[in-house]
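A.B. asks: Just passing along the structure, written as structure tokens.
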Amino acid sequence: MLKKDDMPDCPVATTVNLIGSKWKLLILRNLLSRPCRFNELKRNMPGISHKVLTESLRSMENDGIVKRKIYETKPKSVEYSLTELGLTLKPVLLEMEKWGNFYKSKSI
């Protein structure tokens with residue numbers, strides 16, 4: 001988790017630092033509906049590399065937004081979901097979806 005001293009003064013900049021990448025937003029979008037396994041997330045985001053997905057999930061886990069649950073099966077299975085903190089991003093993502101639909105409806 002980012003320490004208070006490491007956060008920018010601007011709250012918008014803090015949010016962008018935490019979830020501002022294209023892939024992190026799409027990971028959040030997918031995890032809002034339900035927990036997912038790694039390969040499920042990868043399938044739902046064409047173009048993301050294994051490395052970028054791994055790094056993004058680790059970063060969001062370190063920031064307290066995503067949690068990882070390991071199932072002791074053979075082979076081991078891992079499931080990702082949003083933490084309580086991560087779930088608080090739902091209104092932000094819904095507003096982004098709303099604005100995206102509004103923008104798409106405009107003829108430019």
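Here, A, B, ... name the chains of the structure tokens in the order displayed, residue numbers run from 1 inside each chain, and ligands are numbered from 1 in the same displayed order.
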Run DSSP on the backbone and tell me which residues of chain A come out as strand (DSSP E); list them as a PyMOL selection string.

C.D. replies: chain A and resi 36-37+66-71+77-82

A.B. asks: Dump all heavy atoms for the selected residues as a CSV table (one decimal), in the first residue's frame?

C.D. replies:
```
chain,number,residue,atom,x,y,z
A,36,CYS,N,-12.2,-14.0,-10.4
A,36,CYS,CA,-11.7,-14.6,-11.6
A,36,CYS,C,-10.3,-15.2,-11.3
A,36,CYS,O,-9.5,-14.8,-10.5
A,36,CYS,CB,-11.5,-13.6,-12.7
A,36,CYS,SG,-13.0,-12.8,-13.3
A,37,ARG,N,-10.1,-16.3,-12.1
A,37,ARG,CA,-8.7,-16.9,-12.1
A,37,ARG,C,-7.9,-16.1,-13.1
A,37,ARG,O,-8.4,-15.4,-14.0
A,37,ARG,CB,-8.9,-18.3,-12.5
A,37,ARG,CG,-9.6,-19.1,-11.3
A,37,ARG,CD,-9.9,-20.5,-11.6
A,37,ARG,NE,-8.7,-21.3,-11.9
A,37,ARG,CZ,-8.7,-22.6,-12.0
A,37,ARG,NH1,-9.8,-23.2,-12.0
A,37,ARG,NH2,-7.6,-23.2,-12.3
A,66,VAL,N,-6.9,-5.5,-4.6
A,66,VAL,CA,-7.2,-6.9,-5.0
A,66,VAL,C,-6.6,-7.8,-4.0
A,66,VAL,O,-5.6,-7.6,-3.4
A,66,VAL,CB,-6.5,-7.1,-6.4
A,66,VAL,CG1,-6.6,-8.6,-6.8
A,66,VAL,CG2,-7.2,-6.3,-7.5
A,67,LYS,N,-7.4,-8.9,-3.8
A,67,LYS,CA,-6.8,-10.0,-3.0
A,67,LYS,C,-6.7,-11.3,-3.8
A,67,LYS,O,-7.4,-11.5,-4.8
A,67,LYS,CB,-7.7,-10.2,-1.7
A,67,LYS,CG,-9.1,-10.6,-2.0
A,67,LYS,CD,-9.9,-10.7,-0.7
A,67,LYS,CE,-11.4,-10.9,-1.0
A,67,LYS,NZ,-12.1,-10.9,0.2
A,68,ARG,N,-5.8,-12.1,-3.4
A,68,ARG,CA,-5.5,-13.4,-4.1
A,68,ARG,C,-5.7,-14.5,-3.1
A,68,ARG,O,-5.3,-14.5,-2.0
A,68,ARG,CB,-4.0,-13.3,-4.5
A,68,ARG,CG,-3.6,-14.6,-5.3
A,68,ARG,CD,-2.2,-14.4,-5.8
A,68,ARG,NE,-1.3,-14.2,-4.6
A,68,ARG,CZ,0.0,-14.6,-4.6
A,68,ARG,NH1,0.5,-15.1,-5.7
A,68,ARG,NH2,0.7,-14.4,-3.6
A,69,LYS,N,-6.5,-15.5,-3.6
A,69,LYS,CA,-6.8,-16.6,-2.8
A,69,LYS,C,-6.2,-17.9,-3.5
A,69,LYS,O,-6.5,-18.1,-4.7
A,69,LYS,CB,-8.3,-16.8,-2.6
A,69,LYS,CG,-8.7,-18.0,-1.7
A,69,LYS,CD,-10.2,-18.0,-1.5
A,69,LYS,CE,-10.5,-19.2,-0.5
A,69,LYS,NZ,-11.9,-19.3,-0.2
A,70,ILE,N,-5.4,-18.6,-2.8
A,70,ILE,CA,-4.7,-19.8,-3.3
A,70,ILE,C,-5.5,-21.0,-2.8
A,70,ILE,O,-5.7,-21.2,-1.6
A,70,ILE,CB,-3.3,-19.9,-2.9
A,70,ILE,CG1,-2.5,-18.6,-3.3
A,70,ILE,CG2,-2.6,-21.2,-3.4
A,70,ILE,CD1,-1.1,-18.5,-2.8
A,71,TYR,N,-5.9,-21.9,-3.8
A,71,TYR,CA,-6.5,-23.1,-3.5
A,71,TYR,C,-5.5,-24.2,-3.6
A,71,TYR,O,-4.8,-24.3,-4.6
A,71,TYR,CB,-7.7,-23.4,-4.5
A,71,TYR,CG,-8.8,-22.4,-4.3
A,71,TYR,CD1,-8.9,-21.3,-5.1
A,71,TYR,CD2,-9.8,-22.7,-3.4
A,71,TYR,CE1,-10.0,-20.4,-5.0
A,71,TYR,CE2,-10.9,-21.8,-3.3
A,71,TYR,CZ,-10.9,-20.7,-4.1
A,71,TYR,OH,-12.0,-19.8,-4.0
A,77,SER,N,-4.4,-23.6,-7.7
A,77,SER,CA,-5.3,-22.7,-8.3
A,77,SER,C,-5.4,-21.4,-7.6
A,77,SER,O,-5.4,-21.4,-6.3
A,77,SER,CB,-6.7,-23.4,-8.4
A,77,SER,OG,-7.7,-22.5,-8.9
A,78,VAL,N,-5.4,-20.3,-8.3
A,78,VAL,CA,-5.4,-19.0,-7.7
A,78,VAL,C,-6.6,-18.2,-8.2
A,78,VAL,O,-6.9,-18.2,-9.4
A,78,VAL,CB,-4.1,-18.2,-8.0
A,78,VAL,CG1,-4.2,-16.8,-7.4
A,78,VAL,CG2,-2.9,-18.9,-7.5
A,79,GLU,N,-7.3,-17.5,-7.3
A,79,GLU,CA,-8.5,-16.7,-7.7
A,79,GLU,C,-8.3,-15.3,-7.2
A,79,GLU,O,-7.8,-15.1,-6.1
A,79,GLU,CB,-9.7,-17.3,-7.1
A,79,GLU,CG,-11.0,-16.7,-7.5
A,79,GLU,CD,-12.2,-17.4,-6.9
A,79,GLU,OE1,-12.4,-17.2,-5.7
A,79,GLU,OE2,-12.8,-18.1,-7.6
A,80,TYR,N,-8.6,-14.3,-8.0
A,80,TYR,CA,-8.5,-12.9,-7.7
A,80,TYR,C,-9.8,-12.3,-7.5
A,80,TYR,O,-10.8,-12.6,-8.2
A,80,TYR,CB,-7.7,-12.2,-8.8
A,80,TYR,CG,-6.3,-12.6,-8.9
A,80,TYR,CD1,-6.0,-13.6,-9.8
A,80,TYR,CD2,-5.3,-12.1,-8.1
A,80,TYR,CE1,-4.7,-14.1,-9.9
A,80,TYR,CE2,-4.0,-12.5,-8.2
A,80,TYR,CZ,-3.7,-13.5,-9.1
A,80,TYR,OH,-2.4,-13.9,-9.3
A,81,SER,N,-9.9,-11.4,-6.5
A,81,SER,CA,-11.2,-10.7,-6.2
A,81,SER,C,-10.8,-9.3,-5.7
A,81,SER,O,-9.7,-9.1,-5.3
A,81,SER,CB,-12.1,-11.5,-5.3
A,81,SER,OG,-11.4,-11.7,-4.0
A,82,LEU,N,-11.9,-8.5,-5.6
A,82,LEU,CA,-11.7,-7.2,-5.0
A,82,LEU,C,-11.8,-7.2,-3.5
A,82,LEU,O,-12.6,-7.9,-3.0
A,82,LEU,CB,-12.7,-6.2,-5.6
A,82,LEU,CG,-12.6,-5.9,-7.1
A,82,LEU,CD1,-13.7,-5.0,-7.5
A,82,LEU,CD2,-11.2,-5.3,-7.5
```

A.B. asks: Could you go through stretch 12-77 of chain A and tell me which residues DSSP, when run on the backbone, assigns to helix (DSSP H, G or I), listing them as an MDAnalysis selection string?

C.D. replies: chainID A and resid 12:19 22:33 38:43 50:62

A.B. asks: Give me, please, the distance in Å between atom CA of A:Glu61 and atom CA of A:Trp99, quoted to one decimal.

C.D. replies: 27.4 Å

A.B. asks: With a distance cut-off of 9 Å and only C-alpha atoms, select the neighbouring residues of stretch 40-43 of chain A, excluding the residue or stretch itself and same-chain residues fewer than 6 positions from it, and output the selection as JSON, numbers by chain.

C.D. replies: {"A": [27, 30, 31, 49, 50, 53]}

A.B. asks: Just want the 12 Å neighbourhood of A:Met7, counted on only C-alpha atoms, with same-chain residues fewer than 5 positions away dropped. Output as an MDAnalysis selection string.

C.D. replies: chainID A and resid 1:2 12:18 63

A.B. asks: Restricting the calculation to only C-alpha atoms, which member of A:Pro11, A:Glu95, A:Thr73, A:Lys24 is positioned closest to A:Leu57?

C.D. replies: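 Ranking A:Pro11, A:Glu95, A:Thr73, A:Lys24 by distance to A:Leu57, first place goes to A:Lys24.
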